[in-house]
Structure formats: C-alpha cells, structure tokens
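Containing mmCIF, C-alpha atoms: start_21.cif.
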```
data_coords
loop_
_atom_site.label_atom_id
_atom_site.label_comp_id
_atom_site.auth_asym_id
_atom_site.auth_seq_id
_atom_site.Cartn_x
_atom_site.Cartn_y
_atom_site.Cartn_z
CA MET A 1 11.01 18.37 -72.58
CA GLY A 2 13.26 16.38 -70.25
CA GLU A 3 14.58 17.58 -66.93
CA TYR A 4 17.78 16.20 -65.41
CA ARG A 5 18.61 16.40 -61.73
CA ILE A 6 22.22 17.44 -61.15
CA ALA A 7 23.96 17.38 -57.75
CA ALA A 8 26.61 20.12 -57.65
CA ILE A 9 29.39 19.66 -55.08
CA GLY A 10 32.01 22.40 -55.20
CA GLY A 11 34.21 20.77 -52.58
CA ASP A 12 37.42 22.55 -51.59
CA GLY A 13 39.64 25.38 -52.81
CA ILE A 14 38.75 26.62 -56.28
CA GLY A 15 36.21 23.81 -56.69
CA PRO A 16 33.16 25.93 -55.83
CA GLU A 17 34.36 28.70 -58.18
CA VAL A 18 34.69 26.48 -61.24
CA VAL A 19 31.54 24.46 -60.51
CA GLU A 20 29.52 27.67 -60.22
CA ALA A 21 30.89 28.73 -63.61
CA GLY A 22 30.19 25.26 -65.01
CA VAL A 23 26.58 25.26 -63.84
CA GLU A 24 26.08 28.66 -65.47
CA VAL A 25 27.45 27.39 -68.77
CA LEU A 26 25.47 24.13 -68.64
CA ASN A 27 22.25 26.05 -68.04
CA ALA A 28 23.05 28.27 -71.02
CA VAL A 29 23.56 25.19 -73.20
CA ALA A 30 20.25 23.73 -72.02
CA GLU A 31 18.48 27.02 -72.75
CA LYS A 32 20.06 27.19 -76.21
CA ASP A 33 19.13 23.59 -76.95
CA GLY A 34 15.56 23.97 -75.75
CA GLY A 35 14.98 20.23 -75.55
CA PHE A 36 15.93 19.70 -71.93
CA SER A 37 16.53 21.53 -68.67
CA LEU A 38 18.70 21.04 -65.62
CA LYS A 39 17.54 21.09 -62.03
CA VAL A 40 20.70 21.73 -60.03
CA GLU A 41 20.94 21.23 -56.27
CA THR A 42 24.11 22.39 -54.54
CA PHE A 43 25.64 20.58 -51.57
CA PRO A 44 28.16 22.45 -49.33
CA TRP A 45 30.28 19.40 -48.55
CA GLY A 46 34.06 19.52 -48.16
CA GLY A 47 36.64 21.07 -45.87
CA ASP A 48 34.41 23.83 -44.48
CA TYR A 49 31.70 21.27 -43.75
CA TYR A 50 34.32 19.14 -41.95
CA ARG A 51 35.35 22.03 -39.72
CA LYS A 52 31.74 22.46 -38.63
CA HIS A 53 30.62 18.83 -38.41
CA GLY A 54 33.74 16.65 -38.15
CA VAL A 55 32.94 14.83 -41.39
CA MET A 56 33.40 15.79 -45.04
CA MET A 57 29.80 14.91 -45.90
CA PRO A 58 26.76 13.64 -43.96
CA GLU A 59 26.60 9.94 -43.17
CA ASP A 60 23.63 9.59 -45.53
CA GLY A 61 25.23 11.77 -48.19
CA VAL A 62 25.71 9.01 -50.73
CA GLU A 63 22.08 7.92 -50.30
CA THR A 64 21.08 11.53 -50.93
CA LEU A 65 22.99 11.46 -54.23
CA LYS A 66 21.53 8.21 -55.60
CA PRO A 67 18.33 9.69 -57.14
CA PHE A 68 20.28 12.28 -59.16
CA ASP A 69 21.03 11.85 -62.85
CA ALA A 70 24.62 13.07 -62.50
CA ILE A 71 27.04 14.63 -60.02
CA TYR A 72 29.11 17.73 -60.91
CA PHE A 73 32.14 17.88 -58.61
CA GLY A 74 34.81 20.53 -58.08
CA SER A 75 37.80 19.32 -56.08
CA ALA A 76 38.87 17.68 -52.84
CA GLY A 77 41.82 18.79 -50.75
CA ASP A 78 42.43 21.26 -47.94
CA PRO A 79 45.92 22.12 -46.62
CA ASN A 80 44.54 22.28 -43.08
CA ILE A 81 43.02 18.79 -43.17
CA PRO A 82 45.01 15.57 -43.78
CA ASP A 83 44.69 14.45 -47.39
CA HIS A 84 43.48 10.98 -46.50
CA ILE A 85 40.54 12.53 -44.66
CA THR A 86 39.52 14.86 -47.47
CA LEU A 87 39.91 12.22 -50.16
CA TRP A 88 38.39 9.22 -48.41
CA GLY A 89 35.72 11.29 -46.71
CA LEU A 90 34.23 12.77 -49.87
CA ARG A 91 35.45 11.98 -53.38
CA LEU A 92 36.48 8.37 -52.88
CA LYS A 93 33.47 7.74 -50.65
CA ILE A 94 31.22 8.80 -53.51
CA CYS A 95 33.15 6.95 -56.23
CA GLN A 96 33.50 3.70 -54.36
CA THR A 97 30.08 3.56 -52.73
CA LEU A 98 28.38 4.26 -56.07
CA ASP A 99 30.82 1.86 -57.78
CA GLN A 100 31.89 4.39 -60.41
CA TYR A 101 34.54 1.99 -61.61
CA ALA A 102 35.43 3.58 -64.96
CA ASN A 103 37.41 6.80 -64.71
CA VAL A 104 37.73 8.32 -68.19
CA ARG A 105 40.18 11.14 -68.92
CA PRO A 106 40.46 12.50 -72.47
CA SER A 107 43.60 14.44 -73.35
CA ARG A 108 44.11 16.38 -76.55
CA LEU A 109 45.52 19.67 -77.72
CA LEU A 110 42.73 22.24 -77.95
CA PRO A 111 42.86 25.00 -80.60
CA GLY A 112 45.06 27.90 -79.55
CA ILE A 113 46.82 25.98 -76.78
CA ASP A 114 50.41 24.91 -77.28
CA GLY A 115 51.67 21.96 -75.31
CA PRO A 116 55.29 21.70 -74.15
CA LEU A 117 56.24 19.10 -76.78
CA LYS A 118 58.00 20.40 -79.88
CA ASN A 119 56.44 19.78 -83.28
CA VAL A 120 53.44 17.99 -81.76
CA GLY A 121 50.04 19.11 -83.04
CA PRO A 122 46.41 18.14 -82.48
CA ASP A 123 46.70 15.19 -84.85
CA ASP A 124 49.59 13.78 -82.83
CA LEU A 125 48.10 13.94 -79.33
CA ASP A 126 44.53 12.73 -78.92
CA TRP A 127 44.23 10.18 -76.14
CA VAL A 128 41.69 8.74 -73.73
CA ILE A 129 43.07 7.25 -70.52
CA VAL A 130 40.79 4.73 -68.81
CA ARG A 131 41.56 4.31 -65.12
CA GLU A 132 40.27 1.47 -62.95
CA ASN A 133 38.48 3.49 -60.30
CA SER A 134 37.24 1.11 -57.61
CA GLU A 135 40.02 -1.11 -56.31
CA GLY A 136 43.72 -1.73 -56.97
CA GLU A 137 46.17 0.47 -55.12
CA TYR A 138 43.34 2.61 -53.73
CA ALA A 139 41.33 -0.27 -52.29
CA GLY A 140 41.99 1.00 -48.77
CA VAL A 141 43.30 -2.34 -47.52
CA GLY A 142 46.20 -2.09 -45.09
CA GLY A 143 47.05 -0.41 -41.84
CA ARG A 144 49.67 0.73 -39.37
CA VAL A 145 50.94 -1.19 -36.36
CA HIS A 146 53.47 -0.52 -33.57
CA THR A 147 52.75 3.19 -34.04
CA GLY A 148 55.54 5.41 -32.73
CA LEU A 149 57.95 2.55 -32.12
CA ALA A 150 61.13 1.76 -34.02
CA GLU A 151 59.48 -1.24 -35.64
CA GLU A 152 56.42 0.74 -36.80
CA VAL A 153 54.94 -0.61 -40.03
CA GLY A 154 52.67 1.09 -42.57
CA MET A 155 51.17 -1.07 -45.28
CA ASP A 156 48.83 -0.59 -48.23
CA VAL A 157 47.74 -3.67 -50.15
CA ALA A 158 46.70 -3.40 -53.80
CA VAL A 159 43.63 -5.53 -54.40
CA PHE A 160 42.80 -6.75 -57.90
CA THR A 161 39.73 -8.90 -58.51
CA ARG A 162 38.98 -10.76 -61.71
CA ALA A 163 35.59 -9.06 -61.90
CA GLY A 164 37.13 -5.62 -61.42
CA VAL A 165 39.98 -6.12 -63.87
CA GLU A 166 37.85 -7.72 -66.55
CA ARG A 167 35.10 -5.11 -66.47
CA ILE A 168 37.49 -2.15 -66.81
CA GLN A 169 39.42 -3.85 -69.61
CA ARG A 170 36.18 -4.63 -71.47
CA PHE A 171 35.03 -1.05 -70.97
CA ALA A 172 38.33 0.26 -72.38
CA LEU A 173 38.21 -2.10 -75.35
CA GLU A 174 34.63 -1.02 -76.13
CA LEU A 175 35.74 2.61 -75.95
CA ALA A 176 38.73 1.94 -78.19
CA ARG A 177 36.43 0.19 -80.67
CA SER A 178 34.26 3.33 -80.83
CA ARG A 179 37.20 5.58 -81.74
CA PRO A 180 38.52 5.96 -85.28
CA ARG A 181 41.92 4.31 -84.70
CA LYS A 182 40.55 1.31 -82.74
CA LYS A 183 43.77 0.99 -80.75
CA LEU A 184 44.29 0.16 -77.06
CA THR A 185 47.44 0.09 -74.96
CA LEU A 186 47.48 -1.85 -71.68
CA VAL A 187 49.80 -0.39 -69.02
CA THR A 188 51.09 -2.49 -66.11
CA LYS A 189 54.32 -3.10 -64.18
CA SER A 190 54.41 -6.86 -64.46
CA ASN A 191 58.21 -7.19 -64.56
CA ALA A 192 58.45 -6.06 -60.92
CA GLN A 193 54.98 -6.74 -59.50
CA ARG A 194 54.73 -10.41 -60.34
CA HIS A 195 51.32 -11.15 -58.88
CA GLY A 196 48.73 -8.38 -59.35
CA MET A 197 50.26 -6.99 -62.53
CA VAL A 198 50.81 -10.38 -64.15
CA PHE A 199 47.17 -11.06 -63.26
CA TRP A 200 46.20 -7.91 -65.22
CA ASP A 201 48.23 -9.20 -68.20
CA ASP A 202 46.69 -12.65 -68.03
CA VAL A 203 43.13 -11.36 -67.87
CA PHE A 204 43.84 -9.04 -70.80
CA GLU A 205 45.02 -11.93 -72.96
CA VAL A 206 41.61 -13.54 -72.49
CA VAL A 207 39.42 -10.42 -72.78
CA ARG A 208 41.06 -8.93 -75.87
CA LYS A 209 40.17 -12.01 -77.92
CA ASP A 210 36.56 -10.78 -77.89
CA PHE A 211 37.69 -7.62 -79.69
CA PRO A 212 39.61 -8.80 -82.78
CA ASP A 213 38.94 -5.48 -84.51
CA VAL A 214 40.88 -3.54 -81.82
CA GLU A 215 44.65 -3.34 -82.18
CA THR A 216 46.29 -3.90 -78.78
CA ASP A 217 49.75 -3.60 -77.27
CA LYS A 218 51.26 -3.53 -73.78
CA MET A 219 53.69 -1.21 -71.98
CA LEU A 220 55.37 -1.08 -68.60
CA VAL A 221 54.32 2.08 -66.81
CA ASP A 222 57.81 3.60 -66.62
CA ALA A 223 58.38 3.04 -70.34
CA MET A 224 54.93 4.48 -70.98
CA THR A 225 55.95 7.89 -69.61
CA THR A 226 58.76 7.98 -72.16
CA ARG A 227 56.46 6.93 -75.00
CA MET A 228 53.90 9.60 -74.10
CA VAL A 229 56.58 12.27 -74.41
CA LEU A 230 58.59 10.97 -77.37
CA LYS A 231 55.96 9.17 -79.46
CA PRO A 232 52.56 10.66 -78.58
CA GLN A 233 51.17 9.90 -82.03
CA SER A 234 51.59 6.16 -81.37
CA LEU A 235 48.92 6.16 -78.63
CA ASP A 236 45.15 6.36 -78.65
CA THR A 237 43.20 4.63 -75.86
CA ILE A 238 45.06 3.59 -72.70
CA VAL A 239 43.91 1.40 -69.81
CA ALA A 240 45.73 1.08 -66.49
CA THR A 241 45.32 0.51 -62.77
CA ASN A 242 43.97 3.07 -60.34
CA LEU A 243 47.41 4.40 -59.36
CA HIS A 244 49.19 4.12 -62.70
CA ALA A 245 46.41 5.82 -64.65
CA ASP A 246 46.15 8.52 -61.98
CA VAL A 247 49.81 9.44 -62.54
CA LEU A 248 49.76 9.06 -66.32
CA SER A 249 46.68 11.23 -66.72
CA ASP A 250 48.35 14.13 -64.90
CA LEU A 251 51.31 13.81 -67.26
CA ALA A 252 48.87 13.74 -70.16
CA ALA A 253 47.19 16.92 -68.91
CA ALA A 254 50.54 18.70 -68.65
CA LEU A 255 51.44 17.63 -72.18
CA THR A 256 48.22 19.22 -73.47
CA GLY A 257 49.07 22.58 -71.91
CA SER A 258 47.67 22.71 -68.38
CA LEU A 259 46.00 20.67 -65.66
CA GLY A 260 43.41 23.45 -65.71
CA ILE A 261 41.81 22.19 -68.93
CA ALA A 262 41.66 18.46 -68.20
CA PRO A 263 38.29 16.76 -67.55
CA THR A 264 37.27 13.53 -65.84
CA ALA A 265 34.24 11.27 -65.87
CA ASN A 266 33.76 8.79 -63.03
CA LEU A 267 31.32 6.47 -64.75
CA ARG A 268 28.89 3.87 -63.50
CA PRO A 269 28.27 2.34 -66.94
CA GLU A 270 25.30 0.29 -65.73
CA ARG A 271 23.54 3.60 -64.88
CA ASP A 272 21.83 2.21 -61.78
CA PHE A 273 23.73 4.88 -59.81
CA PRO A 274 24.69 8.40 -60.94
CA SER A 275 28.09 9.09 -62.49
CA MET A 276 30.31 11.99 -61.40
CA PHE A 277 32.11 14.56 -63.55
CA GLU A 278 34.99 16.76 -62.40
CA PRO A 279 38.09 18.64 -63.55
CA ILE A 280 41.36 17.00 -62.49
CA HIS A 281 43.19 20.17 -61.41
CA GLY A 282 42.70 19.83 -57.66
CA SER A 283 41.83 22.44 -55.08
CA ALA A 284 44.67 24.93 -55.87
CA PHE A 285 44.48 26.77 -52.56
CA ASP A 286 47.21 29.17 -53.69
CA ILE A 287 44.71 30.93 -55.99
CA ILE A 288 41.49 30.47 -54.03
CA GLY A 289 39.31 33.57 -54.06
CA LYS A 290 41.48 35.38 -56.60
CA GLY A 291 39.03 34.76 -59.43
CA VAL A 292 41.68 33.44 -61.80
CA ALA A 293 40.97 29.69 -61.76
CA ASN A 294 40.69 28.17 -65.21
CA PRO A 295 37.13 26.85 -65.64
CA ILE A 296 37.84 25.06 -68.94
CA GLY A 297 38.44 21.70 -67.23
CA CYS A 298 35.07 22.01 -65.53
CA PHE A 299 33.38 22.99 -68.81
CA TRP A 300 34.94 20.01 -70.61
CA SER A 301 33.76 17.78 -67.76
CA GLY A 302 30.33 19.29 -68.41
CA VAL A 303 30.63 18.12 -72.01
CA MET A 304 31.17 14.59 -70.75
CA LEU A 305 28.21 14.98 -68.38
CA LEU A 306 25.94 15.97 -71.28
CA GLU A 307 27.19 13.05 -73.36
CA HIS A 308 26.43 10.68 -70.50
CA LEU A 309 22.91 12.12 -70.13
CA GLY A 310 22.25 11.34 -73.77
CA GLU A 311 22.43 14.92 -75.07
CA PRO A 312 25.13 14.63 -77.77
CA ALA A 313 24.07 17.75 -79.68
CA ALA A 314 24.32 19.90 -76.55
CA ALA A 315 27.66 18.32 -75.66
CA LYS A 316 28.98 19.05 -79.14
CA ARG A 317 27.75 22.65 -78.90
CA LEU A 318 29.53 23.22 -75.59
CA MET A 319 32.78 21.64 -76.78
CA ALA A 320 32.68 23.78 -79.93
CA ALA A 321 32.16 26.89 -77.79
CA VAL A 322 35.14 26.00 -75.60
CA GLU A 323 37.33 25.40 -78.66
CA ARG A 324 36.18 28.65 -80.22
CA VAL A 325 37.27 30.54 -77.09
CA THR A 326 40.64 28.78 -76.74
CA GLY A 327 41.30 29.17 -80.44
CA ALA A 328 40.57 32.91 -80.42
CA ARG A 329 43.05 33.48 -77.54
CA GLU A 330 40.90 36.39 -76.34
CA ALA A 331 40.20 35.03 -72.85
CA VAL A 332 43.28 33.16 -71.67
CA SER A 333 43.68 32.26 -68.00
CA PRO A 334 47.01 32.63 -66.18
CA ASP A 335 47.85 28.92 -66.26
CA LEU A 336 47.88 29.16 -70.06
CA GLY A 337 49.98 32.33 -70.16
CA GLY A 338 47.22 34.96 -70.16
CA ASN A 339 45.61 37.20 -67.57
CA ALA A 340 41.89 36.52 -68.03
CA THR A 341 39.79 35.95 -64.94
CA THR A 342 37.44 33.04 -64.36
CA ARG A 343 34.58 35.42 -65.06
CA GLN A 344 36.06 36.58 -68.37
CA VAL A 345 36.67 33.02 -69.60
CA THR A 346 33.15 32.04 -68.54
CA ASP A 347 31.60 35.04 -70.27
CA ALA A 348 33.50 34.24 -73.46
CA VAL A 349 32.24 30.65 -73.45
CA LEU A 350 28.70 31.82 -72.65
CA ALA A 351 28.82 34.19 -75.62
CA ALA A 352 30.09 31.39 -77.85
CA VAL A 353 27.32 29.05 -76.66
CA ARG A 354 24.57 31.60 -77.18
CA GLY A 355 25.92 32.64 -80.57
CA ALA A 356 26.34 29.12 -81.89
CA ASN A 357 24.08 27.83 -84.62
CA ASP A 358 23.30 24.18 -85.24
#
```
Let me see the file written as structure tokens.
Amino acid sequence: MGEYRIAAIGGDGIGPEVVEAGVEVLNAVAEKDGGFSLKVETFPWGGDYYRKHGVMMPEDGVETLKPFDAIYFGSAGDPNIPDHITLWGLRLKICQTLDQYANVRPSRLLPGIDGPLKNVGPDDLDWVIVRENSEGEYAGVGGRVHTGLAEEVGMDVAVFTRAGVERIQRFALELARSRPRKKLTLVTKSNAQRHGMVFWDDVFEVVRKDFPDVETDKMLVDAMTTRMVLKPQSLDTIVATNLHADVLSDLAAALTGSLGIAPTANLRPERDFPSMFEPIHGSAFDIIGKGVANPIGCFWSGVMLLEHLGEPAAAKRLMAAVERVTGAREAVSPDLGGNATTRQVTDAVLAAVRGAND
C-alpha cells in the first residue's frame, strides 16, 4: 500500500474552503480504492499569514514543499494586499522556484451543465489549454523609474528562451498525440510582436517536425477568441504563452459554464520537484465564509493530482462521481444557477464516490 505526501495550501478567500472539501473527497477516494493513502499536511500561508509575518510564506517555504509528492492549492488574492504581493509572494514563488513550467487546463462541458454557447454540446467543446508557466510575460523582468515624476516609466519585459519555448511546445505536442484527435493549435501574436512571438513561431516550425502524426495549425490570439466562441469544435489541444493562455483559459472556463468548475495542473514533468494542482476561480472574497463556493474545480484538480501520482483508476472514479453529481442536477451551486452549499455539493460527490463500483 502506497502513501503519498500532499501539501495542502488553502491560500486566500474561498481557497481554504474548497481545499478542505477537496481533501475530504480525495481521502474518500483513497479509502474506496484501498491501494493507497494520502498523508496531508496543511500550511496556513496566504494573506492572513502576511498580516502576521509580513510575507506570504516563510523564506524556506519552497524548501519545505520539495519532499512532498504533490501540492493542493486553493487561491491567491486578497483585496487588502496588493495583487503583485499576493501573487509573487506565494503562487508564482512556488511555480517558478519549483520550475512547474507546464500549466495544463482542461475545459469541457460536464453533464448537466449548459454553457452559454447555443447548440454546442459535449462533443463540440473538449479542449486542453497548455500554458507556458515559467517565463514569458510573467518573467518578472522590468521595473519603474522616476517614480512620481511626469516622466515616470513602468516596464515589464517578456522573456522567451529557446529552452523554455521548446520544452512547452514539445510537452503540448506529446499531450496532443495522446488525445484521440491528435490536433494542436499554436497561439501567438506574431503580426504585432515581431521578436518574441515570431521566435515562438520559428521554434514551433522546427519542433513540430518531430510529431508528424499530430495535425497542427496556428492562430493569432485575438482571432483565437473568436474561433473559441464560433467554432469550438475545430479545437482540441492549444499551446500559448504565459499571458495569452492565462486569458484564453478563463474564456474557456466561462464557455463551459463557470470558472467554479475549471481545474489546473502546474506540472513539473521531470518529477524531481512536486507539481501543484488548483482550481482557477480565484479567491472570490465576495462569497468568503458564506459556504456557497463551488468545490467542483477543486475536485477536478484533485482528479489531475491523482492522475499525476499514477493512480488512474482513482482519478477516473472521482471524475465519474463529479459527473454523476453534475448530471443529476441535485446539488447545484449558485454559480451554476442553483442554491446548493459547498457542503451539499461535497456530500453529493462523497456519496457518489462511496457508492461507485469498479
């Protein structure tokens, strides 16, 4: 019987609420499976920790995380703390220090959930967006000078390295190869950004030759938003820069019904450091403490966590339980048009997990 060490970081806002629900569900899956167990350690890092200590996490926090098998994260963001502090002090510090360079965001219509697009069903919208997660527009290079003066300048520099671009494109092509349609769309903005984005295009022309079985095409990011809305069935796997994929994946989540159901994996494919799994919905301070946060995104992130740990049967069981609950429409959270609480949705998924047969 294997035991996996999981670091649970609720973070800010509704993060602790959904992570607590997610841990409960993951433990139920492990108990049902019987072949493995989870040893979960919770870390109280985030906005409240910052108010007490002046930092979002301890200086040795990342070192503390390295021995774990996976990280289960809630959300980062506090309206009383500048966003660049909350993001760079916790989530990005973890992702970048552990070089979790592949951000993977699946988007599809779950049973019982209607997206906003007319006449679009589950067979028409089933995507995976691969986001470069370590450099690009979020490299942190830049600064501000002449602060407070009329000639003040603020500058962020997008940094693209051949190693970084090639490894994320290869990862995305491998992922596309593993999916039934074997199709990958590269998204850039090379008509306007004639250096970094053309570099992405040039590297892709070289890398894709190693994957002749994968059908590829390219889109400009602005045109891609139109294609996602008007021709969703034409897309399958998508790869883009840190910023572009960040924006596109939120659009994708909205098109599948709610940001509350969308999952994320921040992967370190080499597995020498732990990967991190989180819902994309953010801290949602407007509903904190009300007990109505949708935990589905956290559960789906838990599915990806189990897949990464090498427990595909358990992952399949949890995803089937989630789909059984959404399909039954008996425990529907407010973001999806219902009035079910976080507890009620969690209990419904727990019942589905425990009642499932192999």
Atomic distance atom CA of Val292 of chain A - atom CA of Leu38 of chain A, expressed in Å with one decimal: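 Between these atoms lies a distance of 26.4 Å.
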Hits from the PyMOL selection byres ((chain A and resi 16) around 10), listed as a PyMOL selection string: chain A and resi 8-15+17-22+42+44+73-75+283+288-289
Can you list, as a ChimeraX atom specification, the residues that the PyMOL selection byres ((chain A and resi 123) around 9) selects here? /A:108-109,120-122,124-126,233
If the PyMOL selection byres ((chain A and resi 61) around 12) is run on the structure shown, which residues does it catch, given as a list in words?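 Expected selection for the PyMOL selection byres ((chain A and resi 61) around 12) here is Ala7, Ile9, Phe43, Pro44, Trp45, Gly46, Val55, Met56, Met57, Pro58, Glu59, Asp60, Val62, Glu63, Thr64, Leu65, Lys66, Pro67, Gly89, Leu90, Arg91, Lys93, Ile94, Thr97 and Leu98 of chain A.
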Identify which of the residues A:Asp246, A:Ile238, A:Ile71, A:Asn119 lies closest to Ile6 of chain A, counting only C-alpha atoms when measuring atom-to-atom distances.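 Ranking A:Asp246, A:Ile238, A:Ile71, A:Asn119 by distance to Ile6 of chain A, first place goes to A:Ile71.
With all atoms listed in the file as the atoms that count, the minimum distance from Ser258 of chain A to the choices A:Lys290, A:Ser275, A:Val159, A:Ile280 is reached by A:Ile280.
Residues lying within 9 Å of Thr225 of chain A, counting all atoms listed in the file and ignoring same-chain neighbours fewer than 4 positions away, are Val221, Val229, Leu230, Leu248 and Leu251 of chain A.
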Just the residues within 8 Å of Leu220 of chain A, please, counting only C-alpha atoms, with nothing from its chain fewer than 5 positions along; format it as a list in words.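 Skipping anything fewer than 5 positions along the chain leaves Val187, Thr188, Lys189, Ser190 and Asn191 of chain A.
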Spatial neighbours of segment 137-149 of chain A, 6 Å, all atoms listed in the file, chain gap at least 5 places, as a ChimeraX atom specification: /A:154-158,243
Taking 2 positions as the minimum chain separation for residues in the same chain, which residues sit within 10 Å of Leu309 of chain A when counting only C-alpha atoms? Answer as an MDAnalysis selection string. chainID A and resid 4 69:70 275 303:307 311:312 315
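Taking atom CA of Gln96 of chain A as the reference point, atom CA of Val207 of chain A is found at 24.0 Å.
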By how many Å are atom CA of Leu318 of chain A and atom CA of Leu350 of chain A apart?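 Going from atom CA of Leu318 of chain A over to atom CA of Leu350 of chain A, I get 9.1 Å.
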Out of A:Ala321, A:Ala176, A:Leu184, A:Leu117, which residue has the shortest atom-to-atom distance to Lys231 of chain A when counting all atoms listed in the file?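 Checking each candidate against Lys231 of chain A, we get A:Leu117 as the closest.
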If we count only C-alpha atoms and set the cut-off at 9 Å, which residues sit around Val203 of chain A, ignoring sequence neighbours fewer than 5 positions away in its own chain? Please answer as an NGL selection string. :A and (162 or 165-166 or 169 or 198 or 208)
Got a sec to check which residues sit within 12 Å of (38.6, -6.9, -81.0), counting only C-alpha atoms, and write them as a short mmCIF file (atom, residue, chain, number, x, y, z; two decimals) with C-alpha atoms, in the coordinates of the input?
```cif
data_model
loop_
_atom_site.label_atom_id
_atom_site.label_comp_id
_atom_site.auth_asym_id
_atom_site.auth_seq_id
_atom_site.Cartn_x
_atom_site.Cartn_y
_atom_site.Cartn_z
CA GLN A 169 39.42 -3.85 -69.61
CA ARG A 170 36.18 -4.63 -71.47
CA ALA A 172 38.33 0.26 -72.38
CA LEU A 173 38.21 -2.10 -75.35
CA GLU A 174 34.63 -1.02 -76.13
CA LEU A 175 35.74 2.61 -75.95
CA ALA A 176 38.73 1.94 -78.19
CA ARG A 177 36.43 0.19 -80.67
CA SER A 178 34.26 3.33 -80.83
CA LYS A 182 40.55 1.31 -82.74
CA LYS A 183 43.77 0.99 -80.75
CA LEU A 184 44.29 0.16 -77.06
CA PHE A 204 43.84 -9.04 -70.80
CA GLU A 205 45.02 -11.93 -72.96
CA VAL A 206 41.61 -13.54 -72.49
CA VAL A 207 39.42 -10.42 -72.78
CA ARG A 208 41.06 -8.93 -75.87
CA LYS A 209 40.17 -12.01 -77.92
CA ASP A 210 36.56 -10.78 -77.89
CA PHE A 211 37.69 -7.62 -79.69
CA PRO A 212 39.61 -8.80 -82.78
CA ASP A 213 38.94 -5.48 -84.51
CA VAL A 214 40.88 -3.54 -81.82
CA GLU A 215 44.65 -3.34 -82.18
CA THR A 216 46.29 -3.90 -78.78
#
```
Could you tell me which of A:Ala351, A:Cys298, A:Ala313, A:Ala262 comes closest to Phe277 of chain A if we count only C-alpha atoms?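 Comparing A:Ala351, A:Cys298, A:Ala313, A:Ala262 against Phe277 of chain A, the winner is A:Cys298.
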What residues have an atom no more than 9 Å from (48.1, 20.7, -70.3) in the file's own frame, counting all atoms listed in the file, and can you write them as a PyMOL selection string? chain A and resi 107-109+113-116+250-262+336
For segment 218-318 of chain A against segment 100-103 of chain A, with a cut-off of 12 Å and counting all atoms listed in the file, what is the closest atom pair and its distance in Å to one decimal for every residue that makes the cut, ordered by chain and number, as a Markdown table?
```
| residue | atom | partner | partner_atom | distance |
| --- | --- | --- | --- | --- |
| A:Ile238 | CA | A:Asn103 | CA | 11.5 |
| A:Val239 | CA | A:Asn103 | CA | 9.9 |
| A:Ala240 | CA | A:Asn103 | CA | 10.3 |
| A:Thr241 | CA | A:Asn103 | CA | 10.3 |
| A:Asn242 | CA | A:Asn103 | CA | 8.7 |
| A:Leu243 | CA | A:Asn103 | CA | 11.6 |
| A:Ala245 | CA | A:Asn103 | CA | 9.1 |
| A:Asp246 | CA | A:Asn103 | CA | 9.3 |
| A:Ser249 | CA | A:Asn103 | CA | 10.5 |
| A:Pro263 | CA | A:Asn103 | CA | 10.4 |
| A:Thr264 | CA | A:Asn103 | CA | 6.8 |
| A:Ala265 | CA | A:Asn103 | CA | 5.6 |
| A:Asn266 | CA | A:Asn103 | CA | 4.5 |
| A:Leu267 | CA | A:Gln100 | CA | 4.8 |
| A:Arg268 | CA | A:Gln100 | CA | 4.3 |
| A:Pro269 | CA | A:Ala102 | CA | 7.5 |
| A:Glu270 | CA | A:Gln100 | CA | 9.4 |
| A:Arg271 | CA | A:Gln100 | CA | 9.5 |
| A:Asp272 | CA | A:Gln100 | CA | 10.4 |
| A:Phe273 | CA | A:Gln100 | CA | 8.2 |
| A:Pro274 | CA | A:Gln100 | CA | 8.3 |
| A:Ser275 | CA | A:Gln100 | CA | 6.4 |
| A:Met276 | CA | A:Gln100 | CA | 7.8 |
| A:Phe277 | CA | A:Asn103 | CA | 9.5 |
| A:Glu278 | CA | A:Asn103 | CA | 10.5 |
| A:Pro279 | CA | A:Asn103 | CA | 11.9 |
| A:Ile280 | CA | A:Asn103 | CA | 11.2 |
| A:Ser301 | CA | A:Asn103 | CA | 12.0 |
| A:Met304 | CA | A:Asn103 | CA | 11.7 |
```
